[in-house]
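Report on the structure given below.
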Amino acid sequence: MGATCCKPIRGGAKEKLDENLKNVDMAADLCEKTGFTVAELRTHFNEFMKEYPDGVVNVNQFAQVYVKFFPNAGVNGSKKRAEEVFKQYDQNDDGTIDFREFTIALSKLSQGTIRQKLALAFFLYDENCDGVLTFDEVLGIVEAMYAGDQKMLNGKTSEELPPAQVFAKKLFAELDKNGDGEITEEEFVDVGQKNPTVADLLLANMNEQPKES
């Protein structure tokens with residue numbers, strides 16, 4: 001998730017989420033529901049706290065994420081549907097959802113078409129939420145892939161691939177269709193949809209197998 005740490009973390013919220021995160025170690029059901037490993041959940045937890053320092057997400061914040069998945073529905077249509085989905089996870093009806101509920105909701109949404117999954121990936125990789133990816137952000141994608149145990153392009157492991165910096169430069173050039181030095185969401189999604197190999201690389205960190213769009 002892009003980091004927008006614009007205010008200090010309130011102690012109570014941080015302590016509550018720290019407790020929730022510790023429970024993840026024993027909560028096999030959360031791993032089953034989301035498809036994430038415990039290590040991935042820890043990473044998502046840290047990103048969640050950067051994005052939402054209060055430790056919870058309100059309906060408007062959730063709608064901003066939701067529209068990334070279903071832009072064709074229009075802003076109003078996506079917002080209405082987002083509110084409906086939000087209510088399903090706001091179990092105590094207090095107008096917010098916590099890390100666990102938010103993660104489950106996103107994992108459900110990410111089980112969609114390649115286009116929807118690429119939109120989610122772009123949102124997660126756009127660390128400063130400025131709507132574009134820089135080379136450093138693409139390098140971060142590659143480094144995250146190299147740090148994992150999953151098989152890479154053509155069945156190769158990270159040890160068999162070129163250095164991350166070299167690989168990132170090649171991937172960046174592939175995604176930056178107009179050569180302006182930054183990657184928009186449109187470019188990111190378009191290239192991923194047209195090139196299955198690139199899509200596999202971009203979605204590798206999401207631990208999901210994309211469905212055909």
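Residue names in the structure tokens use chain letters A, B, ... in the order shown, residue numbers from 1 in each chain, and ligand numbers from 1 in the order shown.
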### Task
Would you please extract all helix (DSSP H, G or I) residues from region 65-197 of chain A, as assigned by DSSP on the backbone, and give them as a PyMOL selection string?
chain A and resi 65-69+71-89+99-109+114-125+135-147+153-155+158-160+164-175+185-194+196-197
### Query
Using only C-alpha atoms, which of A:Pro196, A:Gly55, A:Pro163, A:Gly179 sits nearest Glu101 (chain A)?
A:Gly55
### Query
Pick the closest to Leu106 (chain A) from A:Pro162, A:Gly140, A:Gly131, A:Gly35: which is it, counting only C-alpha atoms?
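Of the candidates, the smallest distance to Leu106 (chain A) is held by A:Gly35.
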### Query
Given the choices A:Cys31, A:Cys129, A:Val138, A:Ala119, which gets closest to Ala164 (chain A) if the distance is worked out from only C-alpha atoms?
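Nearest to Ala164 (chain A): A:Val138.
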### Query
With only C-alpha atoms as the basis for distance, which of A:Asn46, A:Glu174, A:Leu30, A:Leu109 is at the shortest distance from Thr197 (chain A)?
A:Glu174
### Query
Which value, in Å to one decimal, gives the distance between CA of Pro53 (chain A) and CA of Arg115 (chain A)?
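So the two atoms, CA of Pro53 (chain A) and CA of Arg115 (chain A), lie 29.1 Å apart.
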